[in-house]
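Since the structure comes first, as structure tokens, the remarks are kept for the end.
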Amino acid sequence: MRILLVNVNTSEAVTEALGSQARAVARPGTEIEALTPRFGPESVEGNFESHLSAVAVMDRVATYEHPYDAVVQAGFGEHGKEGLQELCSVPVVDITEAAAHVAVMIGDRYSVVTSLRRTVPQIETRLAQAGLDSRCASIRASGLGVLELEADRDAAVRTVAAQARAAVEEDGAETVVLGCGGMAGLDEAVREACGVPVVDGVAAAVALAESLVGLGLTTSKISTFAAPRPKTVTHWPLSTALGL
């Protein structure tokens, strides 16, 4: 089985970290192909960057030339999953929804610890769209940007762990979700610090993608996520049109 794990930003360091985390949890025989968009922001921390990265992620998947069995969109609270579901005949899993689904299976209420405060409304919207918001105790911002999380992992663990402990002690969370792709691989250290299960979105998404493929299930195409109607789309794929 081959899973495309698509970073939402253009940082190769983040893509490498995401790929490492995914391969660490993947089943034997699962190939993880970690992809970086050909254009877009170096980190996604707001609506403009999120919408731009959604186009870049769809472009990257649309121009991938080999067979694949599932797609994981590795951006927390980002736009674009629905477009991928229309484009792809295979399962598409978003790390936001995957992490929250897993969290509510192992605890009553969960909290999300994310990067910057400005990303909180986007995460709230994504969880509400997925029907997962009623079990969310809180969304806490660490104050660290995506690239800061990647640059200093020790500082990232300390800061994220402090917010995770506060979520458990003050907000009543029974599980904690790491709310940023840049936090991939921090789950064990944060779990030790806060004393409750900590869900890494990349790990959860890979496991759910493998399960959907194993069950022979994919996105329903009857209506909402039917393939785009045949028509001319000018300069699409964008990277091909630009010669990237």
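Residue numbering restarts at 1 in every chain; chains get A, B, ... in the order shown in the structure tokens, and ligands count up from 1 in that same order.
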Write out as a ChimeraX atom specification all residues of range 121-215 of chain A that backbone DSSP assigns to helix (DSSP H, G or I).
/A:121-129,133-135,146-151,153-171,181-183,187-194,201-215
Close residues, Glu42 in chain A itself excluded, 8 Å, only C-alpha atoms, min 6 positions apart in chain, as a PDB file with C-alpha atoms, in the first residue's frame:
```
ATOM      1  CA  ASN A   9       3.822  24.143   3.370  1.00  0.00           C
ATOM      2  CA  THR A  10       6.992  24.293   1.305  1.00  0.00           C
ATOM      3  CA  SER A  11       9.449  23.587   4.142  1.00  0.00           C
TER       4      SER A  11
END
```
Under the rule of at most 12 Å, produce a per-residue listing of range 30-73 of chain A near range 137-147 of chain A: chain, number, name, the closest pair of atoms, and the distance in Å, as CSV, using only C-alpha atoms.
```
residue,atom,partner,partner_atom,distance
A:Pro41,CA,A:Val146,CA,11.4
A:Glu42,CA,A:Leu147,CA,8.3
A:Ser43,CA,A:Val146,CA,6.1
A:Val44,CA,A:Val146,CA,7.6
A:Glu45,CA,A:Gly145,CA,7.7
A:Gly46,CA,A:Gly145,CA,11.1
```
Please write the residues from the selection above to a file, keeping N, CA and C atoms, as a PDB file, in the first residue's frame.
```
ATOM      1  N   PRO A  41       3.351  28.999   0.721  1.00  0.00           N
ATOM      2  CA  PRO A  41       4.080  29.582   1.849  1.00  0.00           C
ATOM      3  C   PRO A  41       4.990  28.570   2.534  1.00  0.00           C
ATOM      4  N   GLU A  42       6.040  29.077   3.175  1.00  0.00           N
ATOM      5  CA  GLU A  42       6.964  28.199   3.898  1.00  0.00           C
ATOM      6  C   GLU A  42       6.361  27.707   5.206  1.00  0.00           C
ATOM      7  N   SER A  43       5.338  28.383   5.697  1.00  0.00           N
ATOM      8  CA  SER A  43       4.557  27.896   6.826  1.00  0.00           C
ATOM      9  C   SER A  43       3.147  28.427   6.657  1.00  0.00           C
ATOM     10  N   VAL A  44       2.157  27.691   7.176  1.00  0.00           N
ATOM     11  CA  VAL A  44       0.754  28.064   6.996  1.00  0.00           C
ATOM     12  C   VAL A  44       0.191  28.483   8.345  1.00  0.00           C
ATOM     13  N   GLU A  45      -0.095  29.776   8.474  1.00  0.00           N
ATOM     14  CA  GLU A  45      -0.514  30.324   9.759  1.00  0.00           C
ATOM     15  C   GLU A  45      -1.559  31.423   9.570  1.00  0.00           C
ATOM     16  N   GLY A  46      -2.587  31.124   8.812  1.00  0.00           N
ATOM     17  CA  GLY A  46      -3.632  32.097   8.567  1.00  0.00           C
ATOM     18  C   GLY A  46      -4.459  31.693   7.365  1.00  0.00           C
TER      19      GLY A  46
END
```
Nearest residue to Arg126 in chain A out of A:Glu170, A:Glu210, A:Glu82, A:Asp69, using only C-alpha atoms?
A:Glu82
Residue contacts of Tyr68 in chain A (9 Å, only C-alpha atoms) excluding same-chain residues fewer than 4 positions away, as a count of residues only:
5
Thr159 in chain A environment, 12 Å, only C-alpha atoms, sequence neighbours closer than 3 positions dropped, as a PDB file with N, CA and C atoms, in the first residue's frame:
```
ATOM      1  N   VAL A 113      -3.727  21.390  21.432  1.00  0.00           N
ATOM      2  CA  VAL A 113      -2.653  22.355  21.633  1.00  0.00           C
ATOM      3  C   VAL A 113      -2.064  22.650  20.259  1.00  0.00           C
ATOM      4  N   THR A 114      -2.148  23.905  19.854  1.00  0.00           N
ATOM      5  CA  THR A 114      -1.735  24.267  18.505  1.00  0.00           C
ATOM      6  C   THR A 114      -0.568  25.250  18.541  1.00  0.00           C
ATOM      7  N   SER A 115      -0.325  25.902  17.437  1.00  0.00           N
ATOM      8  CA  SER A 115       0.828  26.806  17.312  1.00  0.00           C
ATOM      9  C   SER A 115       0.465  28.220  17.754  1.00  0.00           C
ATOM     10  N   LEU A 116      -0.018  29.042  16.850  1.00  0.00           N
ATOM     11  CA  LEU A 116      -0.305  30.440  17.144  1.00  0.00           C
ATOM     12  C   LEU A 116      -1.793  30.664  17.428  1.00  0.00           C
ATOM     13  N   ARG A 140      -5.835  25.398  22.818  1.00  0.00           N
ATOM     14  CA  ARG A 140      -4.817  26.259  23.422  1.00  0.00           C
ATOM     15  C   ARG A 140      -3.672  26.504  22.441  1.00  0.00           C
ATOM     16  N   ALA A 141      -3.224  27.753  22.394  1.00  0.00           N
ATOM     17  CA  ALA A 141      -2.110  28.127  21.521  1.00  0.00           C
ATOM     18  C   ALA A 141      -0.802  28.104  22.304  1.00  0.00           C
ATOM     19  N   SER A 142       0.215  27.514  21.712  1.00  0.00           N
ATOM     20  CA  SER A 142       1.529  27.465  22.353  1.00  0.00           C
ATOM     21  C   SER A 142       2.297  28.765  22.174  1.00  0.00           C
ATOM     22  N   GLY A 143       1.915  29.551  21.148  1.00  0.00           N
ATOM     23  CA  GLY A 143       2.634  30.779  20.851  1.00  0.00           C
ATOM     24  C   GLY A 143       3.831  30.593  19.947  1.00  0.00           C
ATOM     25  N   LEU A 144       4.095  29.352  19.555  1.00  0.00           N
ATOM     26  CA  LEU A 144       5.229  29.052  18.675  1.00  0.00           C
ATOM     27  C   LEU A 144       4.736  28.857  17.248  1.00  0.00           C
ATOM     28  N   GLY A 145       5.411  29.498  16.299  1.00  0.00           N
ATOM     29  CA  GLY A 145       5.089  29.292  14.903  1.00  0.00           C
ATOM     30  C   GLY A 145       5.559  27.933  14.413  1.00  0.00           C
ATOM     31  N   GLU A 148       9.286  27.633  14.139  1.00  0.00           N
ATOM     32  CA  GLU A 148       9.903  27.631  15.466  1.00  0.00           C
ATOM     33  C   GLU A 148       9.800  26.254  16.111  1.00  0.00           C
ATOM     34  N   LEU A 149       8.685  25.598  15.917  1.00  0.00           N
ATOM     35  CA  LEU A 149       8.504  24.250  16.462  1.00  0.00           C
ATOM     36  C   LEU A 149       9.539  23.294  15.891  1.00  0.00           C
ATOM     37  N   ASP A 152      13.601  24.263  17.188  1.00  0.00           N
ATOM     38  CA  ASP A 152      14.064  23.962  18.543  1.00  0.00           C
ATOM     39  C   ASP A 152      13.097  22.977  19.191  1.00  0.00           C
ATOM     40  N   ARG A 153      13.394  21.691  19.051  1.00  0.00           N
ATOM     41  CA  ARG A 153      12.462  20.664  19.512  1.00  0.00           C
ATOM     42  C   ARG A 153      12.355  20.634  21.038  1.00  0.00           C
ATOM     43  N   ASP A 154      13.453  20.901  21.744  1.00  0.00           N
ATOM     44  CA  ASP A 154      13.391  20.906  23.213  1.00  0.00           C
ATOM     45  C   ASP A 154      12.472  22.012  23.716  1.00  0.00           C
ATOM     46  N   ALA A 155      12.603  23.202  23.144  1.00  0.00           N
ATOM     47  CA  ALA A 155      11.732  24.313  23.524  1.00  0.00           C
ATOM     48  C   ALA A 155      10.287  24.005  23.145  1.00  0.00           C
ATOM     49  N   ALA A 156      10.099  23.353  22.010  1.00  0.00           N
ATOM     50  CA  ALA A 156       8.752  22.988  21.579  1.00  0.00           C
ATOM     51  C   ALA A 156       8.096  22.039  22.575  1.00  0.00           C
ATOM     52  N   ALA A 162       3.506  22.347  28.601  1.00  0.00           N
ATOM     53  CA  ALA A 162       2.910  23.256  29.587  1.00  0.00           C
ATOM     54  C   ALA A 162       1.443  23.522  29.255  1.00  0.00           C
ATOM     55  N   GLN A 163       1.133  23.720  27.998  1.00  0.00           N
ATOM     56  CA  GLN A 163      -0.250  23.943  27.603  1.00  0.00           C
ATOM     57  C   GLN A 163      -1.086  22.668  27.730  1.00  0.00           C
ATOM     58  N   ALA A 164      -0.473  21.531  27.480  1.00  0.00           N
ATOM     59  CA  ALA A 164      -1.183  20.261  27.635  1.00  0.00           C
ATOM     60  C   ALA A 164      -1.552  20.019  29.093  1.00  0.00           C
ATOM     61  N   ARG A 165      -0.617  20.292  29.998  1.00  0.00           N
ATOM     62  CA  ARG A 165      -0.915  20.145  31.433  1.00  0.00           C
ATOM     63  C   ARG A 165      -2.048  21.079  31.854  1.00  0.00           C
ATOM     64  N   ALA A 166      -2.023  22.304  31.362  1.00  0.00           N
ATOM     65  CA  ALA A 166      -3.077  23.259  31.695  1.00  0.00           C
ATOM     66  C   ALA A 166      -4.433  22.789  31.155  1.00  0.00           C
ATOM     67  N   MET A 183       4.335  19.605  15.025  1.00  0.00           N
ATOM     68  CA  MET A 183       4.501  18.929  16.311  1.00  0.00           C
ATOM     69  C   MET A 183       4.645  17.417  16.161  1.00  0.00           C
ATOM     70  N   LEU A 186       6.242  14.676  18.797  1.00  0.00           N
ATOM     71  CA  LEU A 186       6.341  15.161  20.175  1.00  0.00           C
ATOM     72  C   LEU A 186       5.405  14.428  21.135  1.00  0.00           C
ATOM     73  N   ALA A 189       6.805  12.592  24.521  1.00  0.00           N
ATOM     74  CA  ALA A 189       7.327  13.520  25.527  1.00  0.00           C
ATOM     75  C   ALA A 189       6.203  14.308  26.182  1.00  0.00           C
ATOM     76  N   VAL A 190       5.235  14.734  25.407  1.00  0.00           N
ATOM     77  CA  VAL A 190       4.118  15.496  25.965  1.00  0.00           C
ATOM     78  C   VAL A 190       3.241  14.591  26.830  1.00  0.00           C
ATOM     79  N   ALA A 193       4.629  14.306  30.214  1.00  0.00           N
ATOM     80  CA  ALA A 193       4.516  15.551  30.971  1.00  0.00           C
ATOM     81  C   ALA A 193       3.113  15.798  31.508  1.00  0.00           C
ATOM     82  N   CYS A 194       2.083  15.385  30.760  1.00  0.00           N
ATOM     83  CA  CYS A 194       0.721  15.735  31.164  1.00  0.00           C
ATOM     84  C   CYS A 194      -0.077  14.564  31.725  1.00  0.00           C
TER      85      CYS A 194
END
```
Could you pull out all residues of range 55-155 of chain A with a DSSP call of strand (DSSP E or B) and give them as a VMD selection string?
chain A and resid 70 to 74 92 to 94 110 to 114 136 to 141
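Remark: for Lys81 in chain A, the closest of the candidate residues A:His51, A:Arg135, A:His66, A:Arg109 is A:His51 (distances computed over only C-alpha atoms).
Here CA of Leu178 in chain A and CA of Val72 in chain A stand 16.1 Å from one another.
Each of A:Thr232, A:Asn47, A:Thr15, A:Ser223 was compared to Glu33 in chain A using only C-alpha atoms, and A:Thr15 turns out to be the nearest.
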In Å to one decimal, how far is CA of Gly201 in chain A from CA of Ile32 in chain A?
15.2 Å
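Pairwise distance (CA of Ile106 in chain A, CA of Asp187 in chain A) equals 15.2 Å.
Of the residues listed (A:Gly216, A:Gly179, A:Gly243, A:Pro28), A:Gly179 shows the shortest atom-to-atom separation from Ile123 in chain A; distances use only C-alpha atoms.
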